[in-house]
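Please read the structure below before turning to the comments.
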Amino acid sequence: MTEKILIVEDEPKLAALLADYMKASGFEVFTLSDGIQVEVWVRENKPNLIILDIMLPGRDGMEICKNIRFFSRIPIIMVTARVEEIDRLLGLELGADDYICKPFSPREVVARVKAVLRRVRDGQAIQAQGLVLDEHTYRATLHGQDLELTAVEFKLLQLLVEHSGRIFSRQQIMEKIYHEERFVSDRTVDSHIKKLRRKIETVAPQTTLIQSVYSVGYKFEPSP
Ligand code: CA
């Protein structure tokens, strides 16, 4: 399957040059020049990787990257015009997978794209009890059926599954899952757990994968 690469770059010549190199390497390439279009396009077209310039008209690359991370783990390579900016970018923890500095050689960009894609392919999906969690698409299936989780539900399930058997208090869950959201209470956690259980039961009736531990919290453990 041909991998789809989205190039977000407002300098037409540079975008065209990069696109040519990517196509020559066997990728299917799309380009956007305005930052405001990117998030909607990504939701609809689900590219395999994004090369994202920071200085863009409409919306800057940093904000776009942050926004995309709310709904997808798709690999993002950020492009900046200033080498000294990279340290600051790393500190911001935008969730980008790599950074490239302008001016760059298109050959180097192709190499980086391939390296990031390889890393993603090697990172295996998490599997447990018939569950498969793909953190790059936030897609979770149970016995092959899509659970249709929201990003928050996915992260919650991922946290519990990755530490199977370990009990998490509501406070710990809040700290790990909802750090971007402002209004969270114990009840938010309970409500997400409830929805998650319902979705699991829809696919596999009478299956309880998430256990409540009275007055402590929750853990991932199949019922005996
Ligand atoms: Ca630019």
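We label chains A, B, ... in the order they appear in the structure tokens, count residues from 1 in each chain, and number ligands from 1 in the order shown.
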Item to check | Spatial neighbours of region 127-142 of chain A, 6 Å, only C-alpha atoms, chain gap at least 4 places, as JSON, numbers by chain | outcome: {"A": [72, 73, 74, 146, 147]}
Just all heavy atoms for this one: save the residues we selected as a PDB file, in the first residue's frame.
```pdb
ATOM      1  N   SER A  72      -5.101  12.310  17.052  1.00  0.00           N
ATOM      2  CA  SER A  72      -4.314  11.339  16.296  1.00  0.00           C
ATOM      3  C   SER A  72      -2.846  11.311  16.707  1.00  0.00           C
ATOM      4  O   SER A  72      -2.274  12.318  17.101  1.00  0.00           O
ATOM      5  CB  SER A  72      -4.416  11.681  14.807  1.00  0.00           C
ATOM      6  OG  SER A  72      -3.532  10.870  14.060  1.00  0.00           O
ATOM      7  N   ARG A  73      -2.259  10.119  16.579  1.00  0.00           N
ATOM      8  CA  ARG A  73      -0.829   9.939  16.849  1.00  0.00           C
ATOM      9  C   ARG A  73      -0.042   9.867  15.545  1.00  0.00           C
ATOM     10  O   ARG A  73       1.106   9.452  15.515  1.00  0.00           O
ATOM     11  CB  ARG A  73      -0.608   8.626  17.623  1.00  0.00           C
ATOM     12  CG  ARG A  73      -0.579   8.739  19.132  1.00  0.00           C
ATOM     13  CD  ARG A  73       0.560   9.565  19.678  1.00  0.00           C
ATOM     14  NE  ARG A  73       1.865   9.214  19.082  1.00  0.00           N
ATOM     15  CZ  ARG A  73       2.911  10.012  19.095  1.00  0.00           C
ATOM     16  NH1 ARG A  73       2.839  11.198  19.620  1.00  0.00           N
ATOM     17  NH2 ARG A  73       4.047   9.625  18.558  1.00  0.00           N
ATOM     18  N   ILE A  74      -0.662  10.276  14.460  1.00  0.00           N
ATOM     19  CA  ILE A  74       0.011  10.256  13.159  1.00  0.00           C
ATOM     20  C   ILE A  74       1.382  10.947  13.242  1.00  0.00           C
ATOM     21  O   ILE A  74       1.518  11.988  13.874  1.00  0.00           O
ATOM     22  CB  ILE A  74      -0.868  10.954  12.102  1.00  0.00           C
ATOM     23  CG1 ILE A  74      -0.105  11.079  10.801  1.00  0.00           C
ATOM     24  CG2 ILE A  74      -1.334  12.312  12.546  1.00  0.00           C
ATOM     25  CD1 ILE A  74      -0.846  11.794   9.741  1.00  0.00           C
ATOM     26  N   ASP A 146     -14.134  -3.068  15.800  1.00  0.00           N
ATOM     27  CA  ASP A 146     -13.744  -1.727  16.233  1.00  0.00           C
ATOM     28  C   ASP A 146     -14.568  -1.292  17.452  1.00  0.00           C
ATOM     29  O   ASP A 146     -15.791  -1.390  17.440  1.00  0.00           O
ATOM     30  CB  ASP A 146     -13.999  -0.747  15.069  1.00  0.00           C
ATOM     31  CG  ASP A 146     -13.248   0.565  15.274  1.00  0.00           C
ATOM     32  OD1 ASP A 146     -12.856   0.864  16.422  1.00  0.00           O
ATOM     33  OD2 ASP A 146     -13.046   1.273  14.279  1.00  0.00           O
ATOM     34  N   LEU A 147     -13.891  -0.823  18.493  1.00  0.00           N
ATOM     35  CA  LEU A 147     -14.608  -0.370  19.689  1.00  0.00           C
ATOM     36  C   LEU A 147     -15.102   1.063  19.557  1.00  0.00           C
ATOM     37  O   LEU A 147     -15.868   1.549  20.379  1.00  0.00           O
ATOM     38  CB  LEU A 147     -13.706  -0.484  20.929  1.00  0.00           C
ATOM     39  CG  LEU A 147     -13.405  -1.888  21.454  1.00  0.00           C
ATOM     40  CD1 LEU A 147     -12.414  -1.803  22.605  1.00  0.00           C
ATOM     41  CD2 LEU A 147     -14.675  -2.589  21.911  1.00  0.00           C
TER      42      LEU A 147
END
```
Checklist entry - Could you list, as a count of residues only, all the residues within 6 Å of ligand 1, counting only C-alpha atoms and all ligand atoms? => result 5
Checklist entry - Using the chain letters and numbers from this document, which residues of region 21-182 of chain A does DSSP assign to strand (DSSP E or B), as a PyMOL selection string? => result chain A and resi 28-32+49-53+76-80+98-101+126-128+131-134+139-142+145-146+168-169
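Residues in contact with region 87-100 of chain A at up to 6 Å, not including ones fewer than 4 positions away on its chain and judged by only C-alpha atoms, are Lys66, Pro75, Ile76, Ile77, Met78 and Val79 of chain A.
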Long-range neighbours of Leu157 (chain A) as an mmCIF file with N, CA and C atoms, in the first residue's frame, 10 Å cut-off, only C-alpha atoms, 5 positions minimum in chain:
```cif
data_model
loop_
_atom_site.group_PDB
_atom_site.id
_atom_site.type_symbol
_atom_site.label_atom_id
_atom_site.label_comp_id
_atom_site.auth_asym_id
_atom_site.auth_seq_id
_atom_site.Cartn_x
_atom_site.Cartn_y
_atom_site.Cartn_z
ATOM 1 N N LEU A 133 -4.613 -2.438 20.380
ATOM 2 C CA LEU A 133 -4.623 -0.981 20.476
ATOM 3 C C LEU A 133 -3.540 -0.401 19.584
ATOM 4 N N ALA A 140 -8.946 1.029 18.592
ATOM 5 C CA ALA A 140 -8.893 -0.177 19.419
ATOM 6 C C ALA A 140 -9.907 -1.175 18.908
ATOM 7 N N LEU A 149 -13.640 4.052 19.985
ATOM 8 C CA LEU A 149 -13.343 4.848 21.172
ATOM 9 C C LEU A 149 -13.021 6.297 20.805
ATOM 10 N N ALA A 151 -10.686 9.668 21.718
ATOM 11 C CA ALA A 151 -9.257 9.739 22.051
ATOM 12 C C ALA A 151 -9.042 9.557 23.559
ATOM 13 N N VAL A 152 -9.893 10.157 24.370
ATOM 14 C CA VAL A 152 -9.751 10.043 25.822
ATOM 15 C C VAL A 152 -9.991 8.602 26.279
ATOM 16 N N GLU A 162 -1.602 -1.259 29.402
ATOM 17 C CA GLU A 162 -0.133 -1.289 29.453
ATOM 18 C C GLU A 162 0.392 -1.656 30.841
ATOM 19 N N HIS A 192 -16.062 8.077 32.019
ATOM 20 C CA HIS A 192 -15.322 7.516 30.890
ATOM 21 C C HIS A 192 -15.142 6.001 31.034
ATOM 22 N N ILE A 193 -14.916 5.554 32.261
ATOM 23 C CA ILE A 193 -14.792 4.113 32.508
ATOM 24 C C ILE A 193 -16.099 3.411 32.138
ATOM 25 N N LEU A 196 -16.481 3.190 28.428
ATOM 26 C CA LEU A 196 -15.508 2.219 27.924
ATOM 27 C C LEU A 196 -16.025 0.792 28.145
ATOM 28 N N ARG A 197 -16.530 0.532 29.360
ATOM 29 C CA ARG A 197 -17.065 -0.796 29.662
ATOM 30 C C ARG A 197 -18.245 -1.127 28.772
ATOM 31 N N LEU A 209 -13.344 -6.327 31.441
ATOM 32 C CA LEU A 209 -11.879 -6.236 31.382
ATOM 33 C C LEU A 209 -11.358 -5.227 32.383
ATOM 34 N N ILE A 210 -12.236 -4.275 32.730
ATOM 35 C CA ILE A 210 -11.805 -3.241 33.681
ATOM 36 C C ILE A 210 -12.516 -3.467 35.005
ATOM 37 N N LYS A 219 -8.492 -1.154 37.597
ATOM 38 C CA LYS A 219 -7.382 -1.886 36.994
ATOM 39 C C LYS A 219 -7.872 -2.711 35.807
ATOM 40 N N PHE A 220 -6.950 -3.030 34.947
ATOM 41 C CA PHE A 220 -7.269 -3.892 33.812
ATOM 42 C C PHE A 220 -6.980 -5.327 34.218
#
```
Next on the checklist: When you count only C-alpha atoms, which of these residues is closest to Lys46 (chain A): A:Ala16, A:Met22, A:Ala204, A:Leu6?
Outcome noted: A:Leu6
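For the choices A:His143, A:Lys155, A:Arg187, A:His163, the atom-to-atom distance to Thr207 (chain A) is smallest for A:His143 when using only C-alpha atoms.
Going from CA of Lys194 (chain A) to CA of Arg69 (chain A) covers 24.0 Å.
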Next on the checklist: Just to confirm, what's the straight-line distance from CA of Ile50 (chain A) to CA of Ile5 (chain A) in Å (one decimal)?
Outcome noted: 5.8 Å
Checklist entry - Smallest atom-to-atom distance to Ser25 (chain A): which of A:Glu3, A:Glu221, A:Glu85, A:Glu44, using only C-alpha atoms? => result A:Glu3
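CA of Leu18 (chain A) sits 5.8 Å away from CA of Pro106 (chain A).
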Checklist entry - Quick one: DSSP helix (DSSP H, G or I) residues in region 17-156 of chain A, as a ChimeraX atom specification? => result /A:17-24,35-45,61-68,85-92,106-122,151-156
Let's have the selection written as a PDB file, in the first residue's frame, with C-alpha atoms.
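Okay, this is what ended up in selection_36.pdb:
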```pdb
ATOM      1  CA  LEU A  17      10.554  20.359  -4.811  1.00  0.00           C
ATOM      2  CA  LEU A  18       9.815  18.285  -1.721  1.00  0.00           C
ATOM      3  CA  ALA A  19       6.778  16.757  -3.382  1.00  0.00           C
ATOM      4  CA  ASP A  20       8.887  15.674  -6.377  1.00  0.00           C
ATOM      5  CA  TYR A  21      11.427  13.953  -4.162  1.00  0.00           C
ATOM      6  CA  MET A  22       8.724  12.216  -2.138  1.00  0.00           C
ATOM      7  CA  LYS A  23       6.937  10.998  -5.256  1.00  0.00           C
ATOM      8  CA  ALA A  24      10.227   9.739  -6.672  1.00  0.00           C
ATOM      9  CA  GLY A  35      -2.451  26.322   8.157  1.00  0.00           C
ATOM     10  CA  ILE A  36      -6.172  26.674   8.672  1.00  0.00           C
ATOM     11  CA  GLN A  37      -6.965  23.799   6.282  1.00  0.00           C
ATOM     12  CA  VAL A  38      -4.706  21.208   7.853  1.00  0.00           C
ATOM     13  CA  GLU A  39      -6.652  19.692  10.764  1.00  0.00           C
ATOM     14  CA  VAL A  40      -9.835  19.105   8.783  1.00  0.00           C
ATOM     15  CA  TRP A  41      -7.845  17.644   5.892  1.00  0.00           C
ATOM     16  CA  VAL A  42      -5.983  15.273   8.220  1.00  0.00           C
ATOM     17  CA  ARG A  43      -9.194  14.069   9.879  1.00  0.00           C
ATOM     18  CA  GLU A  44     -10.730  13.318   6.505  1.00  0.00           C
ATOM     19  CA  ASN A  45      -7.739  11.888   4.653  1.00  0.00           C
ATOM     20  CA  GLY A  61       2.586  24.684  12.749  1.00  0.00           C
ATOM     21  CA  MET A  62       2.992  24.438  16.527  1.00  0.00           C
ATOM     22  CA  GLU A  63      -0.680  25.001  17.148  1.00  0.00           C
ATOM     23  CA  ILE A  64      -1.608  22.594  14.357  1.00  0.00           C
ATOM     24  CA  CYS A  65       0.641  19.916  15.836  1.00  0.00           C
ATOM     25  CA  LYS A  66      -0.900  20.326  19.291  1.00  0.00           C
ATOM     26  CA  ASN A  67      -4.420  20.199  17.875  1.00  0.00           C
ATOM     27  CA  ILE A  68      -3.731  17.086  15.813  1.00  0.00           C
ATOM     28  CA  GLU A  85      14.302  27.196  17.706  1.00  0.00           C
ATOM     29  CA  ILE A  86      14.597  23.423  17.905  1.00  0.00           C
ATOM     30  CA  ASP A  87      15.620  23.419  21.577  1.00  0.00           C
ATOM     31  CA  ARG A  88      12.624  25.519  22.454  1.00  0.00           C
ATOM     32  CA  LEU A  89      10.367  23.283  20.382  1.00  0.00           C
ATOM     33  CA  LEU A  90      11.657  20.166  22.126  1.00  0.00           C
ATOM     34  CA  GLY A  91      10.885  21.808  25.472  1.00  0.00           C
ATOM     35  CA  LEU A  92       7.304  22.475  24.438  1.00  0.00           C
ATOM     36  CA  PRO A 106      15.220  17.179   0.058  1.00  0.00           C
ATOM     37  CA  ARG A 107      17.236  13.968   0.165  1.00  0.00           C
ATOM     38  CA  GLU A 108      17.684  14.385   3.905  1.00  0.00           C
ATOM     39  CA  VAL A 109      13.966  14.970   4.357  1.00  0.00           C
ATOM     40  CA  VAL A 110      13.179  11.758   2.474  1.00  0.00           C
ATOM     41  CA  ALA A 111      15.625   9.881   4.717  1.00  0.00           C
ATOM     42  CA  ARG A 112      14.011  11.303   7.846  1.00  0.00           C
ATOM     43  CA  VAL A 113      10.524  10.471   6.610  1.00  0.00           C
ATOM     44  CA  LYS A 114      11.556   6.883   5.977  1.00  0.00           C
ATOM     45  CA  ALA A 115      13.219   6.644   9.386  1.00  0.00           C
ATOM     46  CA  VAL A 116      10.130   7.926  11.197  1.00  0.00           C
ATOM     47  CA  LEU A 117       7.825   5.605   9.256  1.00  0.00           C
ATOM     48  CA  ARG A 118      10.091   2.659  10.015  1.00  0.00           C
ATOM     49  CA  ARG A 119      10.006   3.533  13.721  1.00  0.00           C
ATOM     50  CA  VAL A 120       6.228   3.678  13.625  1.00  0.00           C
ATOM     51  CA  ARG A 121       5.929   0.338  11.844  1.00  0.00           C
ATOM     52  CA  ASP A 122       8.282  -1.286  14.341  1.00  0.00           C
ATOM     53  CA  ALA A 151      -9.257   9.739  22.051  1.00  0.00           C
ATOM     54  CA  VAL A 152      -9.751  10.043  25.822  1.00  0.00           C
ATOM     55  CA  GLU A 153     -11.292   6.590  26.126  1.00  0.00           C
ATOM     56  CA  PHE A 154      -8.442   5.191  24.061  1.00  0.00           C
ATOM     57  CA  LYS A 155      -5.789   6.755  26.302  1.00  0.00           C
ATOM     58  CA  LEU A 156      -7.591   5.512  29.394  1.00  0.00           C
TER      59      LEU A 156
END
```
Item to check | Residue neighbourhood Val216 (chain A), 9 Å, only C-alpha atoms, exclusion window fewer than 3 positions, as number ranges by chain | outcome: A: 167-170, 212-213
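Distance check against Pro12 (chain A) using only C-alpha atoms: of A:Thr202, A:Phe27, A:Leu32, A:Arg166, the minimum falls on A:Leu32.
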